[in-house]
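What follows is the content of run-v5.txt, which has compact mmCIF, C-alpha atoms:
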```
# COMPACT_ATOMS: atom_id res chain seq x y z
CA MET O 1 169.69 26.43 134.23
CA ASP O 2 169.84 29.96 132.75
CA SER O 3 168.59 32.81 134.97
CA TYR O 4 167.00 36.09 133.84
CA LEU O 5 165.92 39.09 135.88
CA ILE O 6 162.82 40.94 134.66
CA GLN O 7 161.74 44.22 136.26
CA VAL O 8 158.04 44.64 136.94
CA ASN O 9 156.05 47.72 138.05
CA GLY O 10 157.58 49.46 141.00
CA HIS O 11 158.63 52.85 142.32
CA GLY O 12 161.80 54.56 143.41
CA ASP O 13 165.22 52.97 143.47
CA HIS O 14 164.00 49.62 144.76
CA ALA O 15 161.73 48.37 142.04
CA PRO O 16 160.71 44.75 142.72
CA MET O 17 162.37 42.14 140.55
CA LEU O 18 160.83 38.98 139.19
CA ASP O 19 163.29 36.10 138.99
CA VAL O 20 162.50 33.96 135.95
CA HIS O 21 164.32 30.66 135.33
CA LEU O 22 164.42 29.02 131.94
CA LYS O 23 165.64 25.46 131.59
CA SER O 24 168.55 25.31 129.20
CA THR O 25 168.19 22.73 126.43
CA GLY O 26 171.55 23.29 124.92
CA SER O 27 170.02 24.71 121.75
CA THR O 28 169.91 28.35 120.75
CA ILE O 29 166.55 30.05 120.97
CA SER O 30 166.06 32.31 117.94
CA PRO O 31 163.94 35.38 118.70
CA GLY O 32 160.89 35.70 116.47
CA LYS O 33 160.61 32.03 115.52
CA VAL O 34 157.57 30.17 116.77
CA LYS O 35 157.21 26.48 116.19
CA GLY O 36 154.71 25.66 113.46
CA ARG O 37 154.42 29.22 112.19
CA LYS O 38 156.29 30.66 109.27
CA PRO O 39 156.44 34.44 109.69
CA ARG O 40 154.85 36.39 106.86
CA TRP O 41 153.19 39.75 106.43
CA ALA O 42 149.41 39.48 106.45
CA VAL O 43 148.00 42.86 107.43
CA ARG O 44 144.34 43.23 106.48
CA ALA O 45 141.67 45.83 107.16
CA SER O 46 139.17 44.86 109.83
CA GLU O 47 135.69 43.61 108.98
CA MET O 48 134.24 46.68 110.69
CA SER O 49 136.22 49.00 108.44
CA LYS O 50 135.09 47.05 105.38
CA LYS O 51 131.46 47.41 106.44
CA THR O 52 131.82 51.17 106.92
CA PHE O 53 130.33 52.89 103.91
CA ASN O 54 129.36 56.53 103.43
CA PRO O 55 126.79 56.81 100.60
CA ILE O 56 127.44 60.53 100.08
CA ARG O 57 131.18 60.11 99.71
CA ALA O 58 130.75 57.03 97.51
CA ILE O 59 128.44 58.87 95.12
CA VAL O 60 130.20 62.24 95.14
CA ASP O 61 133.66 60.72 94.77
CA SER O 62 132.49 58.71 91.76
CA MET O 63 131.17 61.82 89.99
CA LYS O 64 134.01 62.28 87.51
CA VAL O 65 132.96 65.68 86.26
CA GLU O 66 134.64 69.05 85.87
CA PRO O 67 132.71 72.32 86.38
CA ASN O 68 132.26 74.76 83.52
CA PRO O 69 135.51 76.78 83.51
CA LYS O 70 133.62 79.86 82.30
CA LYS O 71 131.42 79.98 85.41
CA ALA O 72 132.47 80.27 89.04
CA MET O 73 131.55 77.20 91.06
CA ILE O 74 128.55 77.52 93.38
CA SER O 75 128.32 74.66 95.85
CA LEU O 76 124.87 74.06 97.33
CA SER O 77 125.87 70.64 98.61
CA LEU O 78 127.73 71.05 101.90
CA GLY O 79 125.75 71.27 105.13
CA ASP O 80 128.33 73.51 106.80
CA PRO O 81 126.89 76.91 107.74
CA THR O 82 130.39 78.38 108.06
CA ALA O 83 131.48 77.56 104.50
CA PHE O 84 130.91 81.01 102.98
CA GLY O 85 131.56 83.25 106.00
CA ASN O 86 128.12 84.89 105.85
CA LEU O 87 126.89 83.14 109.01
CA PRO O 88 129.47 83.73 111.76
CA THR O 89 128.79 82.65 115.31
CA ASN O 90 128.01 85.29 117.92
CA ASP O 91 130.77 87.29 119.62
CA GLU O 92 129.58 86.07 123.02
CA VAL O 93 130.19 82.48 121.91
CA THR O 94 133.79 83.10 120.85
CA ARG O 95 134.40 85.28 123.92
CA ALA O 96 133.29 82.44 126.19
CA VAL O 97 135.86 80.11 124.64
CA LYS O 98 138.61 82.73 124.86
CA GLU O 99 137.92 83.27 128.54
CA VAL O 100 138.14 79.56 129.26
CA LEU O 101 141.33 79.21 127.25
CA ASP O 102 142.93 82.13 129.07
CA SER O 103 141.93 80.71 132.45
CA GLY O 104 144.08 77.61 131.94
CA GLN O 105 141.61 75.59 134.00
CA TYR O 106 140.39 73.23 131.29
CA ASN O 107 143.57 71.83 129.79
CA GLY O 108 143.45 68.41 131.42
CA TYR O 109 141.37 65.28 131.08
CA ALA O 110 137.71 65.50 131.93
CA PRO O 111 135.44 62.62 132.95
CA SER O 112 134.54 60.64 129.85
CA VAL O 113 130.88 61.75 130.07
CA GLY O 114 131.89 65.39 130.57
CA TYR O 115 132.49 67.70 133.50
CA GLN O 116 129.70 67.57 136.06
CA SER O 117 129.24 71.36 135.97
CA CYS O 118 128.94 71.31 132.17
CA ARG O 119 126.38 68.48 132.24
CA GLU O 120 124.45 70.51 134.80
CA ALA O 121 124.51 73.51 132.44
CA VAL O 122 123.07 71.49 129.53
CA ALA O 123 120.46 69.86 131.78
CA ALA O 124 119.37 73.26 133.12
CA TYR O 125 119.14 74.71 129.60
CA TYR O 126 116.87 71.94 128.26
CA ASN O 127 114.99 71.10 131.46
CA CYS O 128 111.24 71.66 131.40
CA PRO O 129 108.28 70.29 133.38
CA GLU O 130 107.20 68.09 130.45
CA ALA O 131 110.67 66.53 130.13
CA PRO O 132 112.70 67.08 133.31
CA LEU O 133 116.47 66.70 133.15
CA LYS O 134 119.30 66.47 135.67
CA ALA O 135 123.05 66.33 135.13
CA GLN O 136 122.99 62.53 135.33
CA ASP O 137 120.69 62.54 132.27
CA VAL O 138 123.32 64.24 130.10
CA ILE O 139 126.26 62.62 128.30
CA LEU O 140 128.61 65.06 126.55
CA THR O 141 130.06 63.82 123.26
CA SER O 142 132.40 64.80 120.47
CA GLY O 143 129.75 66.31 118.25
CA CYS O 144 126.21 65.13 117.56
CA SER O 145 127.55 62.42 115.24
CA GLN O 146 129.26 60.72 118.18
CA ALA O 147 126.11 61.12 120.22
CA ILE O 148 124.22 59.21 117.53
CA GLU O 149 126.96 56.58 117.38
CA LEU O 150 126.90 55.99 121.15
CA ALA O 151 123.09 55.92 121.22
CA LEU O 152 123.01 53.31 118.44
CA ALA O 153 125.77 51.28 120.04
CA VAL O 154 124.01 51.12 123.41
CA LEU O 155 120.55 50.29 122.02
CA ALA O 156 121.30 47.77 119.26
CA ASN O 157 123.28 44.54 118.92
CA PRO O 158 124.66 43.03 115.72
CA GLY O 159 121.84 41.20 113.98
CA GLN O 160 119.14 43.56 115.26
CA ASN O 161 117.57 46.26 113.10
CA ILE O 162 116.83 49.96 113.40
CA LEU O 163 114.15 52.04 111.65
CA VAL O 164 115.59 54.93 109.63
CA PRO O 165 113.82 57.66 107.62
CA ARG O 166 113.88 57.71 103.82
CA PRO O 167 115.02 60.25 102.74
CA GLY O 168 117.36 60.52 105.70
CA PHE O 169 120.82 61.51 106.89
CA SER O 170 123.27 58.94 105.53
CA LEU O 171 125.28 58.66 108.77
CA TYR O 172 122.61 56.47 110.38
CA LYS O 173 123.17 53.75 107.81
CA THR O 174 126.94 54.22 107.80
CA LEU O 175 127.18 53.69 111.54
CA ALA O 176 124.65 50.86 111.72
CA LEU O 177 126.16 48.73 108.98
CA SER O 178 129.64 49.09 110.44
CA MET O 179 128.24 47.67 113.71
CA GLY O 180 126.48 44.76 111.98
CA ILE O 181 123.04 46.32 112.55
CA GLU O 182 120.41 46.00 109.83
CA VAL O 183 118.73 49.17 108.53
CA LYS O 184 115.03 49.25 107.65
CA LEU O 185 113.94 52.37 105.78
CA TYR O 186 110.54 53.91 106.49
CA ASN O 187 109.05 56.37 104.02
CA LEU O 188 108.54 60.10 104.40
CA LEU O 189 105.80 61.67 102.28
CA PRO O 190 106.75 64.75 100.22
CA GLU O 191 103.10 65.49 99.45
CA LYS O 192 102.51 65.83 103.22
CA ALA O 193 105.50 68.08 103.92
CA TRP O 194 107.64 65.00 104.59
CA GLU O 195 105.52 63.53 107.37
CA ILE O 196 106.20 59.88 108.21
CA ASP O 197 104.13 57.19 106.50
CA LEU O 198 103.00 55.79 109.85
CA GLU O 199 101.42 52.65 108.42
CA HIS O 200 104.63 51.79 106.58
CA LEU O 201 106.70 52.57 109.66
CA GLU O 202 104.70 50.24 111.91
CA SER O 203 104.75 47.45 109.31
CA LEU O 204 108.56 47.30 109.57
CA VAL O 205 108.69 46.59 113.31
CA ASP O 206 109.60 43.02 114.29
CA GLU O 207 111.09 41.19 117.26
CA LYS O 208 114.58 42.33 116.26
CA THR O 209 113.80 46.05 116.08
CA ALA O 210 116.07 47.88 118.54
CA CYS O 211 115.06 51.52 118.02
CA LEU O 212 113.33 54.08 115.85
CA ILE O 213 115.29 57.09 114.60
CA VAL O 214 113.26 60.30 114.36
CA ASN O 215 115.05 63.28 112.78
CA ASN O 216 113.20 66.53 113.45
CA PRO O 217 113.81 69.15 112.06
CA SER O 218 115.03 67.12 109.12
CA ASN O 219 118.19 66.80 107.12
CA PRO O 220 117.77 66.58 104.11
CA CYS O 221 114.12 67.68 103.96
CA GLY O 222 114.02 70.91 105.97
CA SER O 223 110.73 69.68 107.39
CA VAL O 224 109.39 70.23 110.93
CA PHE O 225 106.85 67.83 112.40
CA SER O 226 103.71 69.20 114.02
CA LYS O 227 102.82 68.37 117.60
CA SER O 228 99.99 66.10 116.45
CA HIS O 229 102.25 64.18 114.08
CA LEU O 230 104.88 63.68 116.78
CA GLN O 231 102.14 62.31 119.03
CA GLU O 232 101.19 59.85 116.28
CA ILE O 233 104.81 58.73 116.02
CA LEU O 234 104.98 58.25 119.79
CA ALA O 235 101.78 56.19 119.66
CA VAL O 236 103.44 53.76 117.24
CA ALA O 237 106.57 53.54 119.41
CA SER O 238 104.42 52.98 122.51
CA ARG O 239 102.29 50.26 120.91
CA GLN O 240 105.35 48.43 119.64
CA CYS O 241 107.54 49.09 122.74
CA VAL O 242 110.34 50.52 120.60
CA PRO O 243 112.61 53.23 122.09
CA ILE O 244 113.33 56.39 120.09
CA LEU O 245 116.66 57.87 119.08
CA ALA O 246 115.78 61.50 118.39
CA ASP O 247 118.24 63.37 116.18
CA GLU O 248 117.43 66.95 117.17
CA ILE O 249 120.63 68.71 116.11
CA TYR O 250 118.45 71.27 114.27
CA GLY O 251 116.17 71.75 117.29
CA ASP O 252 114.78 75.30 117.47
CA MET O 253 116.11 76.07 113.95
CA VAL O 254 112.60 76.57 112.62
CA PHE O 255 111.06 79.47 110.74
CA ALA O 256 108.77 82.02 112.37
CA ASP O 257 105.53 80.48 111.11
CA CYS O 258 106.37 77.11 112.67
CA LYS O 259 106.92 75.69 116.18
CA TYR O 260 109.50 73.13 117.21
CA GLU O 261 108.42 70.52 119.74
CA PRO O 262 111.14 68.33 121.32
CA ILE O 263 109.63 64.87 121.07
CA ALA O 264 110.44 64.03 124.71
CA THR O 265 108.14 66.81 125.92
CA LEU O 266 105.18 64.93 124.43
CA SER O 267 105.86 61.50 125.94
CA THR O 268 105.61 60.07 129.43
CA ASN O 269 106.16 56.40 128.60
CA VAL O 270 108.40 56.04 125.51
CA PRO O 271 112.10 56.14 126.49
CA ILE O 272 114.06 58.54 124.30
CA LEU O 273 117.72 59.31 123.70
CA SER O 274 117.79 62.82 122.25
CA CYS O 275 120.97 63.80 120.39
CA GLY O 276 121.95 67.43 119.88
CA GLY O 277 124.86 69.82 120.03
CA LEU O 278 126.30 73.24 119.27
CA ALA O 279 127.09 72.62 115.60
CA LYS O 280 124.13 74.08 113.73
CA ARG O 281 122.20 76.43 116.00
CA TRP O 282 125.38 78.11 117.24
CA LEU O 283 127.11 77.77 113.83
CA VAL O 284 130.26 76.03 115.12
CA PRO O 285 130.27 72.48 113.65
CA GLY O 286 134.05 72.22 113.91
CA TRP O 287 134.01 72.64 117.69
CA ARG O 288 132.71 69.07 118.04
CA MET O 289 130.44 69.51 121.03
CA GLY O 290 127.37 67.30 121.26
CA TRP O 291 125.24 65.59 123.87
CA ILE O 292 122.79 62.82 124.59
CA LEU O 293 119.78 63.70 126.75
CA ILE O 294 118.31 60.65 128.47
CA HIS O 295 114.53 60.86 128.83
CA ASP O 296 113.23 57.86 130.75
CA ARG O 297 110.16 58.84 132.79
CA ARG O 298 109.10 55.21 133.39
CA ASP O 299 112.63 53.93 134.14
CA ILE O 300 112.48 51.58 131.15
CA PHE O 301 116.13 52.18 130.27
CA GLY O 302 117.01 51.79 133.95
CA ASN O 303 120.64 51.69 134.97
CA GLU O 304 121.61 49.35 132.17
CA ILE O 305 121.43 51.94 129.35
CA ARG O 306 123.03 54.64 131.51
CA ASP O 307 125.88 52.32 132.51
CA GLY O 308 126.26 51.26 128.88
CA LEU O 309 126.59 54.85 127.73
CA LEU O 310 129.17 55.49 130.45
CA ARG O 311 131.26 52.52 129.32
CA LEU O 312 130.97 53.44 125.65
CA SER O 313 131.98 57.04 126.36
CA GLN O 314 135.22 55.75 127.85
CA ARG O 315 136.37 54.71 124.39
CA ILE O 316 136.87 58.37 123.44
CA LEU O 317 137.40 60.00 126.87
CA GLY O 318 135.02 62.86 126.23
CA PRO O 319 134.78 65.92 124.00
CA CYS O 320 137.02 69.00 123.90
CA THR O 321 137.49 70.33 127.44
CA ILE O 322 137.91 73.95 126.31
CA VAL O 323 134.46 73.99 124.69
CA GLN O 324 133.04 72.12 127.69
CA GLY O 325 134.30 74.85 129.97
CA ALA O 326 132.59 77.49 127.81
CA LEU O 327 129.27 75.65 127.57
CA GLU O 328 127.42 77.41 130.38
CA ARG O 329 128.40 80.83 129.07
CA ILE O 330 127.54 79.87 125.48
CA LEU O 331 124.10 78.59 126.47
CA HIS O 332 123.21 81.54 128.68
CA ARG O 333 125.06 84.49 127.16
CA THR O 334 124.14 84.06 123.49
CA PRO O 335 121.65 86.87 122.81
CA PRO O 336 118.22 85.93 121.39
CA GLU O 337 118.70 88.26 118.43
CA PHE O 338 121.56 86.05 117.20
CA TYR O 339 119.19 83.10 116.76
CA HIS O 340 116.56 85.38 115.25
CA ASN O 341 118.96 86.88 112.71
CA THR O 342 120.24 83.46 111.65
CA LEU O 343 116.73 82.17 111.10
CA SER O 344 115.72 85.32 109.21
CA ILE O 345 118.55 84.76 106.75
CA LEU O 346 117.68 81.09 106.32
CA LYS O 347 113.97 81.84 105.89
CA SER O 348 114.68 84.54 103.31
CA ASN O 349 116.97 82.23 101.35
CA ALA O 350 114.46 79.39 101.56
CA ASP O 351 111.66 81.60 100.25
CA LEU O 352 113.79 82.93 97.40
CA CYS O 353 114.97 79.48 96.42
CA TYR O 354 111.52 77.90 96.67
CA ALA O 355 109.90 80.64 94.57
CA ALA O 356 112.60 80.54 91.89
CA LEU O 357 112.66 76.75 91.56
CA SER O 358 108.85 76.49 91.63
CA ALA O 359 108.76 78.55 88.44
CA ILE O 360 111.02 76.14 86.55
CA PRO O 361 109.23 73.53 84.41
CA GLY O 362 110.23 70.02 85.41
CA LEU O 363 111.12 70.83 89.02
CA GLN O 364 108.89 70.49 92.10
CA PRO O 365 110.51 71.88 95.27
CA VAL O 366 109.01 71.00 98.65
CA LYS O 367 108.77 74.08 100.86
CA PRO O 368 110.94 73.78 103.99
CA ALA O 369 109.92 74.88 107.48
CA GLY O 370 113.34 74.84 109.18
CA ALA O 371 116.89 73.47 109.29
CA MET O 372 119.16 74.42 106.37
CA TYR O 373 117.84 72.45 103.41
CA LEU O 374 115.30 72.22 100.63
CA MET O 375 114.46 69.14 98.59
CA VAL O 376 113.54 69.37 94.91
CA GLU O 377 111.83 66.70 92.85
CA ILE O 378 113.06 66.21 89.28
CA GLU O 379 110.25 65.20 86.93
CA MET O 380 112.51 62.76 85.14
CA GLU O 381 110.03 62.10 82.33
CA HIS O 382 110.70 65.65 81.14
CA PHE O 383 114.47 65.10 81.13
CA PRO O 384 114.76 61.82 79.18
CA GLU O 385 118.46 62.24 78.37
CA PHE O 386 119.27 61.74 82.07
CA GLU O 387 118.88 58.30 83.59
CA ASN O 388 118.61 59.49 87.19
CA ASP O 389 119.26 62.29 89.67
CA VAL O 390 123.00 61.55 89.77
CA GLU O 391 123.35 62.13 86.01
CA PHE O 392 121.15 65.23 86.25
CA THR O 393 123.31 66.80 88.97
CA GLU O 394 126.55 65.78 87.21
CA ARG O 395 125.51 67.64 84.08
CA LEU O 396 124.39 70.60 86.17
CA ILE O 397 127.96 70.83 87.44
CA SER O 398 129.64 70.42 84.05
CA GLU O 399 127.35 72.92 82.28
CA GLN O 400 126.46 75.45 84.97
CA SER O 401 129.04 74.92 87.77
CA VAL O 402 126.25 74.45 90.32
CA PHE O 403 126.66 71.52 92.70
CA CYS O 404 123.51 70.16 94.34
CA LEU O 405 123.57 66.83 96.14
CA PRO O 406 121.65 64.05 94.35
CA ALA O 407 119.08 62.61 96.74
CA THR O 408 120.23 59.10 95.92
CA CYS O 409 122.69 59.95 98.71
CA PHE O 410 119.67 59.91 101.03
CA GLU O 411 118.08 56.76 99.56
CA TYR O 412 115.59 58.93 97.64
CA PRO O 413 116.27 58.98 93.88
CA ASN O 414 115.03 61.63 91.43
CA PHE O 415 115.30 64.48 93.93
CA PHE O 416 118.20 66.76 94.80
CA ARG O 417 119.02 68.69 97.98
CA VAL O 418 119.83 72.39 98.12
CA VAL O 419 121.68 73.94 101.07
CA ILE O 420 120.23 77.39 101.87
CA THR O 421 123.04 78.78 104.03
CA VAL O 422 124.91 80.41 101.11
CA PRO O 423 124.79 84.20 100.59
CA GLU O 424 121.60 85.53 98.96
CA GLU O 425 123.31 86.61 95.74
CA MET O 426 124.69 83.09 95.29
CA ILE O 427 121.24 81.58 95.84
CA LEU O 428 119.79 83.83 93.14
CA GLU O 429 122.64 83.16 90.71
CA ALA O 430 122.43 79.41 91.30
CA CYS O 431 118.68 79.36 90.72
CA SER O 432 119.13 81.37 87.52
CA ARG O 433 121.67 78.84 86.26
CA ILE O 434 119.44 75.91 87.25
CA GLN O 435 116.62 77.53 85.26
CA GLU O 436 118.88 77.91 82.22
CA PHE O 437 119.96 74.29 82.55
CA CYS O 438 116.39 72.97 82.82
CA GLU O 439 115.17 75.08 79.90
CA MET O 440 117.99 73.65 77.80
CA HIS O 441 117.12 70.01 78.61
CA TYR O 442 113.38 70.05 79.32
CA GLN O 443 111.23 68.05 76.93
CA GLY O 444 107.52 67.44 76.78
CA ALA O 445 105.83 70.84 76.73
CA GLU O 446 105.68 71.04 72.93
CA GLY O 447 104.58 67.43 72.63
CA THR O 448 101.79 68.05 75.15
CA GLN O 449 100.60 71.12 73.21
CA ASP O 450 100.60 69.18 69.92
CA LEU O 451 98.62 66.39 71.56
CA GLU O 452 95.97 68.81 72.79
CA CYS O 453 95.73 70.46 69.33
CA ASP O 454 94.98 67.05 67.77
CA LYS O 455 91.98 66.52 70.05
```

Mind turning this structure into structure tokens?
Amino acid sequence: MDSYLIQVNGHGDHAPMLDVHLKSTGSTISPGKVKGRKPRWAVRASEMSKKTFNPIRAIVDSMKVEPNPKKAMISLSLGDPTAFGNLPTNDEVTRAVKEVLDSGQYNGYAPSVGYQSCREAVAAYYNCPEAPLKAQDVILTSGCSQAIELALAVLANPGQNILVPRPGFSLYKTLALSMGIEVKLYNLLPEKAWEIDLEHLESLVDEKTACLIVNNPSNPCGSVFSKSHLQEILAVASRQCVPILADEIYGDMVFADCKYEPIATLSTNVPILSCGGLAKRWLVPGWRMGWILIHDRRDIFGNEIRDGLLRLSQRILGPCTIVQGALERILHRTPPEFYHNTLSILKSNADLCYAALSAIPGLQPVKPAGAMYLMVEIEMEHFPEFENDVEFTERLISEQSVFCLPATCFEYPNFFRVVITVPEEMILEACSRIQEFCEMHYQGAEGTQDLECDK
């Protein structure tokens, strides 16, 4: 009998020992050899990783095109307000983070759902009589994208389906498919300022529908739903008993002639997980601070959804503690004029872009009301040499060095998206180049005139 001593968990100089006896067979045991198995390398990517697919990256990465070397590149494709340096965050925001960093009090682990004091700060900021919030209703996350991921993961099982806007932010589909969740696309209507086709939406609901995603204000549309339209959406959700995942990362980023209504303030019976964060309104997307606000006036989610979010949050162990520590100061010290100035710049750029593109034959922009985007329809019949929006935008890059995102990325072909956060002079130059490009390739005006002369 051969004897081995194996140390197990213990403390100090007298760690307990586990005495293990192996019966000797007289043969040599070769480490690494298991009966019936021939060792071989067989490392494969997981099924989840294979199902993870980002439509934007897939399309953009496949665009094998070089910009015109005679023209400086103007990128109107990236939804990062910090990209050009013309939209810095407020000094009070950066000062809040510096103070926390200097304090040395937020260098350790926080609870996975966030510090209690920081959850209280977010709850107090968004609390209102129509949609009351307490700290227990707030889950802090690593950016709004993780908030959406956790919300999807807690509401839907593999084999169920979710209702997603078309056109819509591609991350919804990316996350859902990686989790084995089916995506059903409901239509938005450009002729109605991108309102939801409510009849189409309701027709998609079945016994496997886990939630409805409502993105307001919208990426990629720049649209803002009216109070009455939000009430119509809630009526569908109420009739069908479908909870709502509200992506409200652009909440309050609306132009002066429009009003933003958080959807939870209009509902007393539909349970809602509202996802938001610092990224866009405070112009700090890289700080990765988001949150889920749990609105459950009728206790339909109950403890099960809350407990599920707690467990799911433990996979990441919470967002950056430094930014958490600065949250209360960021929320309450940021001066109102900062928000106003940001929106004034975005509104001015949106108006300039909309006016310039509206004057170009073959293009039909849809006027935005908020967020950071504008969608433009390409009247493809007037550009017959291009098969679709991807080819159109590829040639726009190669000829004019202007990069707009083809709306195929958002499941909406024959449109493209313009980001309006770039400096004004770049907006004007880009629109001028787009006009030159369209005038070069537009067909149909002469043929229409000839046709009318023959009548």

Box along x, y and z, 5 Å on every side, all listed atoms of segment 432-439 of chain O inside: centre and edge lengths in Å to one decimal, as AutoDock Vina command-line options.
```
--center_x 118.4 --center_y 77.2 --center_z 83.7 --size_x 16.5 --size_y 18.4 --size_z 17.6
```

>> Could you check the closest approach to Ser49 of chain O for each of O:Leu331, O:Leu175, O:Val100, O:Ile360 and tell me which residue wins, using only C-alpha atoms?
In response: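 Checking each candidate against Ser49 of chain O, we get O:Leu175 as the closest.
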
Set out as JSON lines a contact list for segment 62-131 of chain O and segment 315-325 of chain O with a cut-off of 8 Å, giving each residue of segment 62-131 of chain O that qualifies its closest atom pair and distance in Å to one decimal, counting only C-alpha atoms, ordered by chain and rising residue number.
```
{"residue": "O:Val97", "atom": "CA", "partner": "O:Val323", "partner_atom": "CA", "distance": 6.3}
{"residue": "O:Val100", "atom": "CA", "partner": "O:Gly325", "partner_atom": "CA", "distance": 6.1}
{"residue": "O:Leu101", "atom": "CA", "partner": "O:Ile322", "partner_atom": "CA", "distance": 6.3}
{"residue": "O:Tyr106", "atom": "CA", "partner": "O:Ile322", "partner_atom": "CA", "distance": 5.6}
{"residue": "O:Asn107", "atom": "CA", "partner": "O:Thr321", "partner_atom": "CA", "distance": 6.7}
{"residue": "O:Gly108", "atom": "CA", "partner": "O:Thr321", "partner_atom": "CA", "distance": 7.4}
{"residue": "O:Tyr109", "atom": "CA", "partner": "O:Thr321", "partner_atom": "CA", "distance": 7.3}
{"residue": "O:Ala110", "atom": "CA", "partner": "O:Thr321", "partner_atom": "CA", "distance": 6.6}
{"residue": "O:Pro111", "atom": "CA", "partner": "O:Gly318", "partner_atom": "CA", "distance": 6.7}
{"residue": "O:Ser112", "atom": "CA", "partner": "O:Leu317", "partner_atom": "CA", "distance": 4.2}
{"residue": "O:Val113", "atom": "CA", "partner": "O:Gly318", "partner_atom": "CA", "distance": 5.8}
{"residue": "O:Gly114", "atom": "CA", "partner": "O:Gly318", "partner_atom": "CA", "distance": 5.9}
{"residue": "O:Tyr115", "atom": "CA", "partner": "O:Gln324", "partner_atom": "CA", "distance": 7.3}
{"residue": "O:Cys118", "atom": "CA", "partner": "O:Gln324", "partner_atom": "CA", "distance": 6.1}
```

>> Which residues are near Pro365 of chain O? Cut-off 6 Å, only C-alpha atoms, ignore same chain within fewer than 3 positions. Put them as a list of chain:residue names.
In response: O:Met375, O:Val376, O:Glu377

> So which residues fall inside 8 Å of (111.8, 59.4, 127.8) if we count all atoms listed in the file? Mind giving them as a list in words?
Replying inline: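 I get Ala131, Ala264, Ser267, Thr268, Asn269, Val270, Pro271, Ile272, Leu273, Ile294, His295, Asp296, Arg297 and Arg298 of chain O for the residues within 8 Å of that point.
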
Set the distance at 7 Å and use only C-alpha atoms: which residues neighbour Leu309 of chain O once local chain neighbours fewer than 3 positions away are removed? I'd like the list as a PDB file with C-alpha atoms, keeping the file's coordinate frame.
```
ATOM      1  CA  LEU O 150     126.900  55.990 121.150  1.00  0.00           C
ATOM      2  CA  VAL O 154     124.010  51.120 123.410  1.00  0.00           C
ATOM      3  CA  ILE O 305     121.430  51.940 129.350  1.00  0.00           C
ATOM      4  CA  ARG O 306     123.030  54.640 131.510  1.00  0.00           C
ATOM      5  CA  LEU O 312     130.970  53.440 125.650  1.00  0.00           C
ATOM      6  CA  SER O 313     131.980  57.040 126.360  1.00  0.00           C
TER       7      SER O 313
END
```

> Which is closest to Arg119 of chain O among O:Arg288, O:Arg44, O:Lys134, O:Arg333, if we use all atoms listed in the file?
Replying inline: O:Lys134

Non-local contacts of Leu198 of chain O (12 Å; all atoms listed in the file; under 4 positions in same chain excluded) as a CSV table (one decimal) with C-alpha atoms, keeping the file's coordinate frame:
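Result written to result-v4.csv:
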```csv
chain,number,residue,atom,x,y,z
O,163,LEU,CA,114.2,52.0,111.6
O,165,PRO,CA,113.8,57.7,107.6
O,186,TYR,CA,110.5,53.9,106.5
O,187,ASN,CA,109.0,56.4,104.0
O,188,LEU,CA,108.5,60.1,104.4
O,189,LEU,CA,105.8,61.7,102.3
O,194,TRP,CA,107.6,65.0,104.6
O,202,GLU,CA,104.7,50.2,111.9
O,203,SER,CA,104.8,47.4,109.3
O,204,LEU,CA,108.6,47.3,109.6
O,205,VAL,CA,108.7,46.6,113.3
O,229,HIS,CA,102.2,64.2,114.1
O,230,LEU,CA,104.9,63.7,116.8
O,231,GLN,CA,102.1,62.3,119.0
O,232,GLU,CA,101.2,59.8,116.3
O,233,ILE,CA,104.8,58.7,116.0
O,234,LEU,CA,105.0,58.2,119.8
O,235,ALA,CA,101.8,56.2,119.7
O,236,VAL,CA,103.4,53.8,117.2
O,237,ALA,CA,106.6,53.5,119.4
```

> Could you pull the residues within 6 Å of Leu405 of chain O, counting all atoms listed in the file, minus those fewer than 2 positions along the same chain, as a PyMOL selection string?
Replying inline: chain O and resi 77+416-417

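The closest residue to Arg166 of chain O, picked from O:Thr89, O:Asn215, O:Ser344, O:Thr209 and counting only C-alpha atoms, is O:Asn215.
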
> For Asn90 of chain O, which of O:Tyr373, O:Tyr442, O:Trp282, O:Tyr412 is the closest residue, counting all atoms listed in the file?
Replying inline: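 Checking each candidate against Asn90 of chain O, we get O:Trp282 as the closest.
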
> At most 10 Å from (115.8, 68.2, 135.2), file frame, all atoms listed in the file: which residues, as a list in words?
Replying inline: Glu120, Val122, Ala123, Ala124, Tyr125, Tyr126, Asn127, Cys128, Pro129, Glu130, Ala131, Pro132, Leu133, Lys134, Ala135, Gln136, Asp137, Val138 and His295 of chain O

>> Given all atoms listed in the file as the basis, pick out the residue of O:Ser218, O:Ser178, O:Asn54, O:Thr141 nearest to Glu195 of chain O.
In response: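 Closest to Glu195 of chain O, using all atoms listed in the file: O:Ser218.
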
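Each of O:Ala151, O:Ile378, O:Ala121, O:Ile56 was compared to Gln364 of chain O using only C-alpha atoms, and O:Ile378 turns out to be the nearest.
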
> Could you name the residues that touch Cys404 of chain O at 9 Å or less, counting only C-alpha atoms, but leaving out those on the same chain fewer than 3 positions away, as a list in words?
Replying inline: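 The residues satisfying every condition are Ile74, Ser75, Leu76, Ser77, Leu78, Thr393, Glu394, Leu396, Ile397, Phe416, Arg417, Val418 and Val419 of chain O.
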